[in-house]
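Shown below: structure.cif, with mmCIF, C-alpha atoms.
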```
data_model
loop_
_atom_site.group_PDB
_atom_site.id
_atom_site.type_symbol
_atom_site.label_atom_id
_atom_site.label_comp_id
_atom_site.auth_asym_id
_atom_site.auth_seq_id
_atom_site.Cartn_x
_atom_site.Cartn_y
_atom_site.Cartn_z
ATOM 1 C CA MET A 691 108.879 101.424 119.923
ATOM 2 C CA ARG A 692 108.706 101.745 116.128
ATOM 3 C CA ILE A 693 111.644 99.389 115.582
ATOM 4 C CA ILE A 694 110.026 96.778 117.843
ATOM 5 C CA LYS A 695 106.834 97.002 115.772
ATOM 6 C CA LEU A 696 108.867 96.504 112.576
ATOM 7 C CA ILE A 697 110.708 93.514 114.028
ATOM 8 C CA ILE A 698 107.381 91.921 115.031
ATOM 9 C CA TRP A 699 106.061 92.555 111.512
ATOM 10 C CA SER A 700 109.213 90.945 110.105
ATOM 11 C CA ILE A 701 108.724 87.823 112.197
ATOM 12 C CA LEU A 702 105.066 87.580 111.186
ATOM 13 C CA ILE A 703 105.934 88.005 107.513
ATOM 14 C CA LEU A 704 108.589 85.270 107.788
ATOM 15 C CA TYR A 705 105.911 82.955 109.152
ATOM 16 C CA TRP A 706 103.591 84.071 106.340
ATOM 17 C CA GLN A 707 106.358 83.312 103.820
ATOM 18 C CA TYR A 708 106.763 79.739 105.017
ATOM 19 C CA LEU A 709 103.167 78.888 105.848
ATOM 20 C CA VAL A 710 101.007 80.703 103.287
ATOM 21 C CA ALA A 711 103.209 81.668 100.323
ATOM 22 C CA PRO A 712 103.685 78.080 99.064
ATOM 23 C CA HIS A 713 99.911 77.886 98.576
ATOM 24 C CA LEU A 714 100.033 80.954 96.315
ATOM 25 C CA SER A 715 102.592 79.467 93.916
ATOM 26 C CA VAL A 716 102.136 79.824 90.181
ATOM 27 C CA SER A 717 103.961 77.348 87.900
ATOM 28 C CA GLY A 718 106.049 76.240 90.867
ATOM 29 C CA PHE A 719 107.170 79.792 91.606
ATOM 30 C CA ILE A 720 106.508 80.794 95.214
ATOM 31 C CA PRO A 721 105.981 84.533 95.706
ATOM 32 C CA ASN A 722 108.408 86.269 98.009
ATOM 33 C CA PHE A 723 106.824 88.434 100.704
ATOM 34 C CA VAL A 724 110.113 89.172 102.440
ATOM 35 C CA LEU A 725 111.364 91.183 99.463
ATOM 36 C CA PRO A 726 108.557 93.799 99.671
ATOM 37 C CA LEU A 727 109.155 93.951 103.427
ATOM 38 C CA ILE A 728 112.818 94.721 102.750
ATOM 39 C CA ILE A 729 111.812 97.409 100.255
ATOM 40 C CA PHE A 730 109.410 98.917 102.781
ATOM 41 C CA LEU A 731 111.938 98.820 105.635
ATOM 42 C CA ASN A 732 114.600 100.475 103.522
ATOM 43 C CA LEU A 733 112.242 103.265 102.532
ATOM 44 C CA LEU A 734 111.364 103.816 106.175
ATOM 45 C CA LEU A 735 114.644 103.328 108.042
ATOM 46 C CA GLN A 736 118.159 104.704 107.838
ATOM 47 C CA ILE A 737 120.871 102.557 106.276
ATOM 48 C CA LYS A 738 122.605 101.791 109.606
ATOM 49 C CA ILE A 739 119.413 100.148 110.902
ATOM 50 C CA ALA A 740 118.027 98.777 107.636
ATOM 51 C CA LEU A 741 121.126 96.860 106.470
ATOM 52 C CA PRO A 742 121.575 94.742 109.633
ATOM 53 C CA LEU A 743 117.840 94.025 109.719
ATOM 54 C CA THR A 744 117.980 93.060 106.038
ATOM 55 C CA PHE A 745 120.939 90.770 106.704
ATOM 56 C CA PHE A 746 119.139 88.956 109.532
ATOM 57 C CA LEU A 747 115.974 88.558 107.467
ATOM 58 C CA GLY A 748 118.068 87.166 104.613
ATOM 59 C CA LEU A 749 119.776 84.803 107.028
ATOM 60 C CA ALA A 750 116.374 83.657 108.325
ATOM 61 C CA LEU A 751 115.355 82.880 104.726
ATOM 62 C CA ASP A 752 118.640 81.070 104.140
ATOM 63 C CA LEU A 753 118.107 78.767 107.113
ATOM 64 C CA PHE A 754 115.155 77.164 105.366
ATOM 65 C CA TYR A 755 117.177 76.526 102.190
ATOM 66 C CA PRO A 756 120.542 75.170 103.396
ATOM 67 C CA SER A 757 121.818 74.488 99.876
ATOM 68 C CA LEU A 758 121.532 78.210 99.098
ATOM 69 C CA LEU A 759 123.047 79.388 102.382
ATOM 70 C CA GLY A 760 124.027 83.024 102.028
ATOM 71 C CA LEU A 761 122.412 83.661 98.652
ATOM 72 C CA ASN A 762 119.280 85.306 100.060
ATOM 73 C CA SER A 763 121.386 87.453 102.371
ATOM 74 C CA ILE A 764 123.639 88.680 99.575
ATOM 75 C CA ALA A 765 120.724 89.323 97.220
ATOM 76 C CA LEU A 766 118.689 91.172 99.854
ATOM 77 C CA ILE A 767 121.678 93.263 100.978
ATOM 78 C CA THR A 768 122.247 94.253 97.332
ATOM 79 C CA VAL A 769 118.589 95.212 96.931
ATOM 80 C CA SER A 770 118.730 97.087 100.227
ATOM 81 C CA PHE A 771 121.787 99.027 99.146
ATOM 82 C CA LEU A 772 120.172 99.949 95.807
ATOM 83 C CA ILE A 773 117.083 101.224 97.605
ATOM 84 C CA GLN A 774 119.111 103.282 100.076
ATOM 85 C CA VAL A 775 121.101 104.899 97.266
ATOM 86 C CA PHE A 776 118.343 105.557 94.719
ATOM 87 C CA HIS A 777 114.982 105.820 96.491
ATOM 88 C CA HIS A 778 115.147 109.602 96.919
ATOM 89 C CA SER A 779 115.190 110.131 93.150
ATOM 90 C CA ILE A 780 112.071 108.028 92.466
ATOM 91 C CA ASN A 781 108.622 109.598 92.337
ATOM 92 C CA LYS A 782 106.691 107.457 94.817
ATOM 93 C CA GLU A 783 103.387 109.183 94.076
ATOM 94 C CA ARG A 784 102.903 107.402 90.753
ATOM 95 C CA LEU A 785 101.809 103.773 90.917
ATOM 96 C CA LEU A 786 103.390 102.868 87.573
ATOM 97 C CA VAL A 787 106.787 104.221 88.638
ATOM 98 C CA VAL A 788 106.586 102.295 91.910
ATOM 99 C CA PHE A 789 105.560 99.119 90.071
ATOM 100 C CA PHE A 790 108.474 99.290 87.621
ATOM 101 C CA SER A 791 110.892 100.102 90.444
ATOM 102 C CA VAL A 792 109.661 97.079 92.395
ATOM 103 C CA LEU A 793 109.840 94.970 89.229
ATOM 104 C CA PHE A 794 113.457 96.054 88.730
ATOM 105 C CA LEU A 795 114.307 95.157 92.341
ATOM 106 C CA ASN A 796 112.682 91.743 91.833
ATOM 107 C CA LEU A 797 114.816 91.285 88.724
ATOM 108 C CA VAL A 798 117.966 92.146 90.682
ATOM 109 C CA TYR A 799 117.000 89.773 93.496
ATOM 110 C CA TYR A 800 116.122 86.809 91.274
ATOM 111 C CA SER A 801 119.103 87.329 88.980
ATOM 112 C CA PHE A 802 121.288 86.112 91.871
ATOM 113 C CA PHE A 803 119.391 82.815 91.856
ATOM 114 C CA LEU A 804 119.458 82.592 88.069
ATOM 115 C CA LEU A 805 123.221 83.108 88.116
ATOM 116 C CA TYR A 806 123.595 80.480 90.846
ATOM 117 C CA TYR A 807 121.669 77.874 88.849
ATOM 118 C CA ILE A 808 123.629 78.623 85.687
ATOM 119 C CA VAL A 809 127.032 78.479 87.425
ATOM 120 C CA SER A 810 126.219 75.361 89.451
ATOM 121 C CA GLY A 811 125.346 73.442 86.300
ATOM 122 C CA ASN A 812 121.891 72.559 87.560
ATOM 123 C CA ARG A 813 119.064 72.440 85.125
ATOM 124 C CA VAL A 814 117.939 76.022 84.960
ATOM 125 C CA VAL A 815 114.669 76.284 86.826
ATOM 126 C CA PHE A 816 113.922 79.669 85.295
ATOM 127 C CA GLN A 817 112.875 79.128 81.688
ATOM 128 C CA ASP A 818 112.560 82.339 79.676
ATOM 129 C CA LEU A 819 108.781 82.781 79.642
ATOM 130 C CA ASN A 820 108.283 81.142 83.033
ATOM 131 C CA PHE A 821 110.851 83.460 84.614
ATOM 132 C CA LEU A 822 109.258 86.536 83.040
ATOM 133 C CA LEU A 823 105.756 85.571 84.158
ATOM 134 C CA ALA A 824 106.987 84.765 87.666
ATOM 135 C CA LEU A 825 108.787 88.102 87.801
ATOM 136 C CA ILE A 826 105.656 90.018 86.800
ATOM 137 C CA TYR A 827 103.522 87.987 89.232
ATOM 138 C CA ASN A 828 105.909 88.677 92.104
ATOM 139 C CA GLY A 829 106.192 92.337 91.055
ATOM 140 C CA ILE A 830 102.416 92.789 91.223
ATOM 141 C CA LEU A 831 102.154 91.007 94.584
ATOM 142 C CA SER A 832 105.133 92.948 95.941
ATOM 143 C CA THR A 833 103.649 96.293 94.916
ATOM 144 C CA ILE A 834 100.304 95.455 96.516
ATOM 145 C CA PHE A 835 102.046 94.221 99.668
ATOM 146 C CA ILE A 836 104.206 97.366 99.932
ATOM 147 C CA TYR A 837 101.111 99.560 99.755
ATOM 148 C CA PHE A 838 99.471 97.329 102.376
ATOM 149 C CA LEU A 839 102.495 97.794 104.661
ATOM 150 C CA VAL A 840 102.397 101.556 104.104
ATOM 151 C CA PHE A 841 98.701 101.533 105.016
ATOM 152 C CA LEU A 842 99.380 99.517 108.181
ATOM 153 C CA ASN A 843 102.210 101.838 109.121
ATOM 154 C CA ARG A 844 99.954 104.892 108.835
ATOM 155 C CA LEU A 845 97.297 103.357 111.049
ATOM 156 C CA GLU A 846 97.553 104.523 114.589
ATOM 157 C CA LEU A 847 95.836 102.065 116.828
ATOM 158 C CA SER A 848 95.427 102.847 120.469
ATOM 159 C CA TRP A 849 93.983 100.830 123.289
ATOM 160 C CA HIS A 850 91.686 102.561 125.730
ATOM 161 C CA ASP A 851 90.239 101.076 128.878
#
```

How does the structure come out when it is put into structure tokens?
Amino acid sequence: MRIIKLIIWSILILYWQYLVAPHLSVSGFIPNFVLPLIIFLNLLLQIKIALPLTFFLGLALDLFYPSLLGLNSIALITVSFLIQVFHHSINKERLLVVFFSVLFLNLVYYSFFLLYYIVSGNRVVFQDLNFLLALIYNGILSTIFIYFLVFLNRLELSWHD
């Protein structure tokens, strides 16, 4: 039952990503709400369940950006693997530690796109200051969203007649 709830959350967050996130853009940078979901899922689930779910969420993101097909999947799988390997050694009780961990994972994720734009010869979309501000913005939103997901997960709603 728990995995079904997480899959429904994933679908809702994908809709949120495509319908609401573009309206929250800053300097043309759209925040990513799938990345904090991936972080949350990997903290909650075992690697054999989390990696396939991460791959399918990355594939769902890739379908909306056909020119980047596969890049979201590879970046999210890398982030997922890093979380599975290192999350036990991180003190999750301290907000600052969580924020910098999430910021690092955002840096890893967006470095794939930065590398793609550099290698493809396109005009680099990520200017130095713009990229840093976007990274901090997404790190703050991701941290808040992860805590929101943790709160939702701890809620136990029941329906009584």

Using all atoms listed in the file, which residues sit within 7 Å of Leu793 (chain A) once same-chain residues fewer than 3 positions away are excluded, as an MDAnalysis selection string? chainID A and resid 789:790 796:797 826 829

At most 10 Å is the cut-off: for each residue in region 721-824 of chain A with any atom that close to an atom of region 832-837 of chain A, write down the nearest atom pair and the distance in Å rounded to one decimal, counting all atoms listed in the file, chain first then increasing number, as JSON lines.
```
{"residue": "A:Pro721", "atom": "CA", "partner": "A:Ser832", "partner_atom": "CA", "distance": 8.5}
{"residue": "A:Asn722", "atom": "CA", "partner": "A:Ser832", "partner_atom": "CA", "distance": 7.7}
{"residue": "A:Phe723", "atom": "CA", "partner": "A:Ser832", "partner_atom": "CA", "distance": 6.8}
{"residue": "A:Val724", "atom": "CA", "partner": "A:Ser832", "partner_atom": "CA", "distance": 9.0}
{"residue": "A:Leu725", "atom": "CA", "partner": "A:Ser832", "partner_atom": "CA", "distance": 7.4}
{"residue": "A:Pro726", "atom": "CA", "partner": "A:Ser832", "partner_atom": "CA", "distance": 5.1}
{"residue": "A:Leu727", "atom": "CA", "partner": "A:Ile836", "partner_atom": "CA", "distance": 7.0}
{"residue": "A:Ile728", "atom": "CA", "partner": "A:Ile836", "partner_atom": "CA", "distance": 9.4}
{"residue": "A:Ile729", "atom": "CA", "partner": "A:Ile836", "partner_atom": "CA", "distance": 7.6}
{"residue": "A:Phe730", "atom": "CA", "partner": "A:Ile836", "partner_atom": "CA", "distance": 6.1}
{"residue": "A:Leu731", "atom": "CA", "partner": "A:Ile836", "partner_atom": "CA", "distance": 9.7}
{"residue": "A:Leu785", "atom": "CA", "partner": "A:Thr833", "partner_atom": "CA", "distance": 8.7}
{"residue": "A:Leu786", "atom": "CA", "partner": "A:Thr833", "partner_atom": "CA", "distance": 9.9}
{"residue": "A:Val788", "atom": "CA", "partner": "A:Thr833", "partner_atom": "CA", "distance": 7.3}
{"residue": "A:Phe789", "atom": "CA", "partner": "A:Thr833", "partner_atom": "CA", "distance": 5.9}
{"residue": "A:Phe790", "atom": "CA", "partner": "A:Thr833", "partner_atom": "CA", "distance": 9.2}
{"residue": "A:Ser791", "atom": "CA", "partner": "A:Thr833", "partner_atom": "CA", "distance": 9.3}
{"residue": "A:Val792", "atom": "CA", "partner": "A:Thr833", "partner_atom": "CA", "distance": 6.6}
{"residue": "A:Leu793", "atom": "CA", "partner": "A:Ser832", "partner_atom": "CA", "distance": 8.4}
{"residue": "A:Asn796", "atom": "CA", "partner": "A:Ser832", "partner_atom": "CA", "distance": 8.7}
```

Leaving out Gly760 (chain A) and any residue of its chain fewer than 6 positions from it, which residues lie within 8 Å of it when counting all atoms listed in the file, given as a VMD selection string? chain A and resid 748 to 749 752

Would you compute the distance between CA of Pro712 (chain A) and CA of Tyr800 (chain A)? Give it in Å to one decimal. 17.1 Å

Quick one: pull the distance between CA of Ile693 (chain A) and CA of Phe776 (chain A), Å, one decimal.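 Between CA of Ile693 (chain A) and CA of Phe776 (chain A) the gap is 22.8 Å.
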
For Gln774 (chain A), the nearest of the candidates A:Leu823, A:Leu751, A:Leu759, A:Ala740, counting all atoms listed in the file: A:Ala740

Using all atoms listed in the file, the residue out of A:Tyr755, A:Trp699, A:Tyr705, A:Phe771 with shortest distance to Tyr799 (chain A) is A:Phe771

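The shortest atom-to-atom distance to Ile703 (chain A), with all atoms listed in the file taken into account, belongs to A:Ala750 out of A:Ile808, A:Leu845, A:Ala750, A:Ala824.
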
Please determine an axis-aligned box that encloses all atoms of region 776-792 of chain A listed in the file, with 8 Å added on each side, and express its centre and edge lengths in Å to one decimal as JSON.
```
{"center_x": 110.1, "center_y": 103.6, "center_z": 92.2, "size_x": 32.5, "size_y": 29.1, "size_z": 25.3}
```

So how far away is CA of Leu741 (chain A) from CA of Phe821 (chain A), in Å? 27.6 Å

Selection in question (the file shown): the PyMOL selection byres ((chain A and resi 768) around 10). Which residues does it include, as a list in words?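 This file gives the following for the PyMOL selection byres ((chain A and resi 768) around 10): Leu741, Thr744, Asn762, Ser763, Ile764, Ala765, Leu766, Ile767, Val769, Ser770, Phe771, Leu772, Ile773, Gln774, Leu795, Val798, Tyr799 and Phe802 of chain A.
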
Using only C-alpha atoms for the distances, tell me which of A:Ile698, A:Phe719, A:Val775, A:Leu709 is nearest to Leu747 (chain A).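 The shortest atom-to-atom distance to Leu747 (chain A) comes from A:Ile698.
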
Go through A:Trp706, A:Ser801, A:Ile701, A:Ile739 one by one, measure the shortest atom-to-atom distance of each to Leu825 (chain A) using all atoms listed in the file, and give the residue with the smallest value. A:Ser801

Nearest-residue call for Leu805 (chain A), choices A:Leu734, A:Leu842, A:Val787, A:Leu761, using all atoms listed in the file: A:Leu761
